[in-house]
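The structure file entry_14.cif is reproduced below (mmCIF, C-alpha atoms).
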```cif
data_model
loop_
_atom_site.group_PDB
_atom_site.id
_atom_site.type_symbol
_atom_site.label_atom_id
_atom_site.label_comp_id
_atom_site.auth_asym_id
_atom_site.auth_seq_id
_atom_site.Cartn_x
_atom_site.Cartn_y
_atom_site.Cartn_z
ATOM 1 C CA MET A 125 15.953 -47.911 -67.100
ATOM 2 C CA LYS A 126 15.643 -47.894 -70.866
ATOM 3 C CA THR A 127 12.085 -46.542 -70.689
ATOM 4 C CA PHE A 128 13.257 -43.768 -68.369
ATOM 5 C CA PHE A 129 15.834 -42.571 -70.901
ATOM 6 C CA SER A 130 13.406 -42.998 -73.785
ATOM 7 C CA ARG A 131 10.892 -40.801 -71.938
ATOM 8 C CA ILE A 132 13.535 -38.147 -71.338
ATOM 9 C CA TYR A 133 14.594 -38.310 -74.984
ATOM 10 C CA SER A 134 11.006 -38.087 -76.286
ATOM 11 C CA SER A 135 10.198 -35.143 -74.011
ATOM 12 C CA PHE A 136 13.370 -33.380 -75.153
ATOM 13 C CA VAL A 137 12.620 -33.976 -78.848
ATOM 14 C CA THR A 138 9.074 -32.659 -78.503
ATOM 15 C CA CYS A 139 9.965 -29.560 -76.465
ATOM 16 C CA ASP A 140 9.626 -26.116 -78.040
ATOM 17 C CA TRP A 141 13.297 -25.253 -77.565
ATOM 18 C CA TYR A 142 14.505 -28.293 -79.508
ATOM 19 C CA GLN A 143 11.929 -27.759 -82.245
ATOM 20 C CA SER A 144 12.943 -24.113 -82.703
ATOM 21 C CA ILE A 145 16.579 -25.164 -83.072
ATOM 22 C CA LYS A 146 15.674 -28.030 -85.397
ATOM 23 C CA LYS A 147 13.845 -25.620 -87.728
ATOM 24 C CA ASN A 148 17.041 -23.774 -88.518
ATOM 25 C CA LYS A 149 19.886 -25.727 -86.942
ATOM 26 C CA TRP A 150 22.683 -24.087 -88.936
ATOM 27 C CA PHE A 151 21.597 -20.651 -87.789
ATOM 28 C CA PHE A 152 21.690 -21.886 -84.179
ATOM 29 C CA VAL A 153 25.127 -23.457 -84.613
ATOM 30 C CA THR A 154 26.403 -20.230 -86.194
ATOM 31 C CA TRP A 155 24.807 -18.077 -83.495
ATOM 32 C CA PHE A 156 26.183 -20.298 -80.733
ATOM 33 C CA ALA A 157 29.706 -20.461 -82.172
ATOM 34 C CA LEU A 158 29.932 -16.738 -82.889
ATOM 35 C CA THR A 159 28.475 -15.901 -79.482
ATOM 36 C CA LEU A 160 31.048 -18.007 -77.695
ATOM 37 C CA ILE A 161 33.970 -17.060 -79.946
ATOM 38 C CA LEU A 162 33.400 -13.395 -80.713
ATOM 39 C CA GLY A 163 31.303 -12.588 -77.643
ATOM 40 C CA LEU A 164 34.041 -13.883 -75.386
ATOM 41 C CA ILE A 165 36.963 -12.466 -77.391
ATOM 42 C CA GLY A 166 37.988 -10.413 -74.359
ATOM 43 C CA VAL A 167 38.468 -13.674 -72.465
ATOM 44 C CA TRP A 168 40.059 -15.734 -75.254
ATOM 45 C CA LEU A 169 42.612 -13.179 -76.473
ATOM 46 C CA PRO A 170 44.435 -12.744 -73.140
ATOM 47 C CA ILE A 171 44.623 -16.534 -72.772
ATOM 48 C CA ILE A 172 46.001 -16.949 -76.298
ATOM 49 C CA ASN A 173 48.390 -14.030 -75.796
ATOM 50 C CA ASP A 174 49.729 -15.485 -72.540
ATOM 51 C CA LEU A 175 50.120 -18.947 -74.081
ATOM 52 C CA SER A 176 51.923 -17.610 -77.159
ATOM 53 C CA ASN A 177 54.345 -15.559 -75.029
ATOM 54 C CA GLU A 178 54.911 -18.521 -72.704
ATOM 55 C CA ASN A 179 53.688 -16.471 -69.772
ATOM 56 C CA GLN A 180 51.825 -18.016 -66.882
ATOM 57 C CA VAL A 181 48.101 -17.867 -67.634
ATOM 58 C CA ILE A 182 46.200 -16.373 -64.708
ATOM 59 C CA ILE A 183 42.548 -17.128 -65.308
ATOM 60 C CA GLY A 184 41.465 -15.126 -62.254
ATOM 61 C CA LYS A 185 42.998 -11.955 -63.697
ATOM 62 C CA ILE A 186 41.254 -12.599 -67.006
ATOM 63 C CA LEU A 187 37.890 -13.039 -65.251
ATOM 64 C CA ILE A 188 38.437 -9.813 -63.345
ATOM 65 C CA ASN A 189 39.133 -7.724 -66.467
ATOM 66 C CA GLY A 190 35.384 -7.230 -67.027
ATOM 67 C CA SER A 191 35.030 -9.015 -70.370
ATOM 68 C CA LEU A 192 32.952 -11.868 -69.001
ATOM 69 C CA SER A 193 30.624 -9.499 -67.150
ATOM 70 C CA THR A 194 30.126 -7.375 -70.249
ATOM 71 C CA TYR A 195 29.437 -10.495 -72.324
ATOM 72 C CA SER A 196 26.905 -11.719 -69.750
ATOM 73 C CA ILE A 197 25.054 -8.414 -69.678
ATOM 74 C CA VAL A 198 24.869 -8.090 -73.464
ATOM 75 C CA ILE A 199 23.779 -11.674 -74.115
ATOM 76 C CA LEU A 200 21.036 -11.457 -71.489
ATOM 77 C CA ILE A 201 19.723 -8.165 -72.876
ATOM 78 C CA ASP A 202 19.534 -9.783 -76.326
ATOM 79 C CA GLY A 203 17.544 -12.665 -74.829
ATOM 80 C CA VAL A 204 15.202 -10.301 -72.997
ATOM 81 C CA ILE A 205 14.512 -8.407 -76.235
ATOM 82 C CA ASN A 206 13.737 -11.694 -77.992
ATOM 83 C CA VAL A 207 11.289 -12.784 -75.289
ATOM 84 C CA ILE A 208 9.558 -9.409 -74.940
ATOM 85 C CA SER A 209 9.053 -9.141 -78.698
ATOM 86 C CA THR A 210 7.192 -12.460 -78.914
ATOM 87 C CA PRO A 211 3.379 -12.246 -79.017
ATOM 88 C CA LYS A 212 3.107 -14.918 -76.284
ATOM 89 C CA PHE A 213 4.894 -12.711 -73.740
ATOM 90 C CA LYS A 214 1.858 -10.917 -72.302
ATOM 91 C CA LYS A 215 -0.108 -14.156 -71.874
ATOM 92 C CA SER A 216 2.547 -16.378 -70.350
ATOM 93 C CA ASN A 217 3.312 -16.257 -66.643
ATOM 94 C CA PHE A 218 6.368 -18.412 -67.269
ATOM 95 C CA LEU A 219 7.853 -15.836 -69.668
ATOM 96 C CA ILE A 220 7.157 -13.018 -67.238
ATOM 97 C CA ALA A 221 8.874 -15.009 -64.454
ATOM 98 C CA LEU A 222 11.778 -15.727 -66.814
ATOM 99 C CA ILE A 223 12.189 -12.009 -67.488
ATOM 100 C CA VAL A 224 12.094 -11.219 -63.759
ATOM 101 C CA ILE A 225 14.766 -13.867 -63.034
ATOM 102 C CA THR A 226 16.825 -12.584 -65.943
ATOM 103 C CA PHE A 227 16.645 -9.029 -64.607
ATOM 104 C CA LEU A 228 17.786 -10.251 -61.192
ATOM 105 C CA ILE A 229 20.767 -11.953 -62.814
ATOM 106 C CA LEU A 230 21.414 -8.757 -64.781
ATOM 107 C CA ILE A 231 21.422 -6.752 -61.559
ATOM 108 C CA PHE A 232 23.956 -9.164 -60.038
ATOM 109 C CA ASN A 233 26.063 -8.964 -63.214
ATOM 110 C CA ILE A 234 26.035 -5.186 -63.079
ATOM 111 C CA PHE A 235 26.843 -5.205 -59.350
ATOM 112 C CA PHE A 236 29.874 -7.452 -59.817
ATOM 113 C CA TYR A 237 30.917 -5.485 -62.891
ATOM 114 C CA THR A 238 31.004 -2.309 -60.789
ATOM 115 C CA LYS A 239 33.174 -4.151 -58.246
ATOM 116 C CA ILE A 240 35.524 -5.116 -61.083
ATOM 117 C CA ILE A 241 35.676 -1.497 -62.246
ATOM 118 C CA ASP A 242 36.488 -0.444 -58.674
ATOM 119 C CA LYS A 243 39.418 -2.942 -58.764
ATOM 120 C CA VAL A 244 38.020 -5.141 -55.987
ATOM 121 C CA GLU A 245 39.733 -8.490 -56.674
ATOM 122 C CA THR A 246 38.471 -11.137 -54.273
ATOM 123 C CA ARG A 247 37.956 -14.839 -54.904
ATOM 124 C CA PHE A 248 34.232 -14.428 -54.331
ATOM 125 C CA ILE A 249 33.962 -11.853 -57.103
ATOM 126 C CA LYS A 250 35.971 -14.082 -59.472
ATOM 127 C CA TYR A 251 33.777 -17.103 -58.752
ATOM 128 C CA MET A 252 30.554 -15.121 -58.978
ATOM 129 C CA THR A 253 31.637 -13.543 -62.267
ATOM 130 C CA PHE A 254 32.358 -16.994 -63.663
ATOM 131 C CA CYS A 255 29.088 -18.481 -62.367
ATOM 132 C CA LEU A 256 27.028 -15.558 -63.643
ATOM 133 C CA GLY A 257 28.721 -15.924 -67.030
ATOM 134 C CA LEU A 258 27.708 -19.589 -67.203
ATOM 135 C CA ILE A 259 24.161 -18.924 -65.996
ATOM 136 C CA SER A 260 23.800 -16.045 -68.474
ATOM 137 C CA THR A 261 24.968 -18.248 -71.330
ATOM 138 C CA PHE A 262 22.493 -21.020 -70.480
ATOM 139 C CA ILE A 263 19.598 -18.582 -70.100
ATOM 140 C CA ALA A 264 20.490 -16.936 -73.417
ATOM 141 C CA ILE A 265 20.604 -20.352 -75.100
ATOM 142 C CA TYR A 266 17.131 -21.066 -73.740
ATOM 143 C CA MET A 267 15.867 -17.655 -74.841
ATOM 144 C CA TYR A 268 17.196 -18.378 -78.322
ATOM 145 C CA LYS A 269 13.929 -20.138 -79.138
ATOM 146 C CA TYR A 270 12.187 -16.732 -79.116
ATOM 147 C CA LYS A 271 14.654 -15.200 -81.563
ATOM 148 C CA LYS A 272 12.988 -14.046 -84.744
ATOM 149 C CA ILE A 273 15.209 -15.365 -87.506
ATOM 150 C CA ASP A 274 13.298 -14.411 -90.622
ATOM 151 C CA PRO A 275 13.104 -10.688 -91.386
ATOM 152 C CA GLU A 276 9.624 -11.221 -92.804
ATOM 153 C CA GLU A 277 6.988 -12.972 -90.812
ATOM 154 C CA GLY A 278 5.684 -16.109 -92.498
ATOM 155 C CA ALA A 279 2.072 -16.523 -93.547
ATOM 156 C CA ASP A 280 1.547 -19.356 -91.051
ATOM 157 C CA ALA A 281 2.526 -17.118 -88.150
ATOM 158 C CA VAL A 282 0.179 -14.356 -89.310
ATOM 159 C CA ILE A 283 -2.688 -16.835 -89.718
ATOM 160 C CA ASP A 284 -2.046 -18.308 -86.266
ATOM 161 C CA TYR A 285 -1.968 -14.834 -84.727
ATOM 162 C CA ASP A 286 -5.231 -13.881 -86.484
ATOM 163 C CA ASN A 287 -6.871 -17.128 -85.371
ATOM 164 C CA GLU A 288 -5.847 -16.453 -81.764
ATOM 165 C CA ARG A 289 -7.373 -12.977 -81.968
ATOM 166 C CA VAL A 290 -10.627 -14.379 -83.389
ATOM 167 C CA ILE A 291 -10.825 -16.995 -80.618
ATOM 168 C CA GLU A 292 -10.169 -14.360 -77.941
ATOM 169 C CA SER A 293 -12.783 -12.012 -79.352
ATOM 170 C CA SER A 294 -15.353 -14.830 -79.595
ATOM 171 C CA LYS A 295 -14.921 -15.482 -75.866
ATOM 172 C CA ASN A 296 -16.284 -12.009 -75.226
ATOM 173 C CA GLU A 297 -19.848 -12.310 -73.920
ATOM 174 C CA THR A 298 -21.049 -8.989 -75.273
ATOM 175 C CA GLU A 299 -22.939 -8.994 -78.497
ATOM 176 C CA ASN A 300 -21.245 -8.044 -81.715
ATOM 177 C CA PRO A 301 -22.071 -4.380 -82.400
ATOM 178 C CA ILE A 302 -21.882 -4.933 -86.156
ATOM 179 C CA LEU A 303 -24.699 -7.499 -86.225
#
```
This structure in structure tokens:
Amino acid sequence: MKTFFSRIYSSFVTCDWYQSIKKNKWFFVTWFALTLILGLIGVWLPIINDLSNENQVIIGKILINGSLSTYSIVILIDGVINVISTPKFKKSNFLIALIVITFLILIFNIFFYTKIIDKVETRFIKYMTFCLGLISTFIAIYMYKYKKIDPEEGADAVIDYDNERVIESSKNETENPIL
């Protein structure tokens, strides 16, 4: 059993997502905290307001006000922009599939948001809004690893990109026209 957990731990520590967070962990913590606090302010404020006025907190009404759907849409769009702007996007089938799944979730978010705007208040819509909010948050946390943190690209990244281009061009079987 111990080896099972050690394998899981070692695979987690070596994964790209963990390494991207480890590079700049304080930026991730700040991003995560501000995303959950300020991004969900439309959910938190009604709860705090109801608690401070000693009113009965009705979570279903808060979910139906549209704040969670708006948050889900915005955070997923930010993740999509991060993934599309990475140089690996065009080469990776996994990233393309991730974008397709994300767009499907976006379509569902937009669909349920339109139901909220039309004042359709069913349990199914409340549960789906909540579930889509959770799924959107987890996908955005995963897509965080593609976020470009530094405004200037580092020399290592430029060298790696140039090396990849040289390797790709050397695979070409046609002769070099310059030689």
Next on the checklist: List as a PyMOL selection string the protein and nucleic acid residues near segment 161-172 of chain A, meaning an atom at most 9 Å away when all atoms listed in the file are counted, but skip any in the same chain fewer than 2 places from it.
Outcome noted: chain A and resi 156-159+174-177+181-183+186-187+189-192+195+198-199
Checklist outcome for this item: note - atom CA of Ile205 of chain A and atom CA of Ile234 of chain A are separated by 17.8 Å
Next on the checklist: Applying the PyMOL selection byres ((chain A and resi 203) around 10) to the file I just gave you, which residues come out? Please list them as an MDAnalysis selection string.
Outcome noted: chainID A and resid 198:202 204:209 223 226 260:261 263:271
Next on the checklist: What's around segment 247-250 of chain A at 9 Å? Count only C-alpha atoms, leave out sequence neighbours fewer than 6 positions away in its own chain, and write the answer as a ChimeraX atom specification.
Outcome noted: /A:184-185,187-188,236,239-240
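When all atoms listed in the file are used to compute distances to Ser193 of chain A, the closest of the residues A:Phe227, A:Phe218, A:Phe232, A:Tyr237 turns out to be A:Tyr237.
One finds atom CA of Phe262 of chain A at 21.1 Å from atom CA of Lys212 of chain A.
Here atom CA of Thr210 of chain A and atom CA of Leu222 of chain A stand 13.3 Å from one another.
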Next on the checklist: For a quick check of understanding, using all atoms listed in the file, which of A:Asn148, A:Glu288, A:Ile229, A:Asp242 has the smallest distance to Leu256 of chain A?
Outcome noted: A:Ile229
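Considering all atoms listed in the file, the residue among A:Tyr142, A:Phe151, A:Tyr251, A:Phe235 positioned nearest to Ile197 of chain A is A:Phe235.
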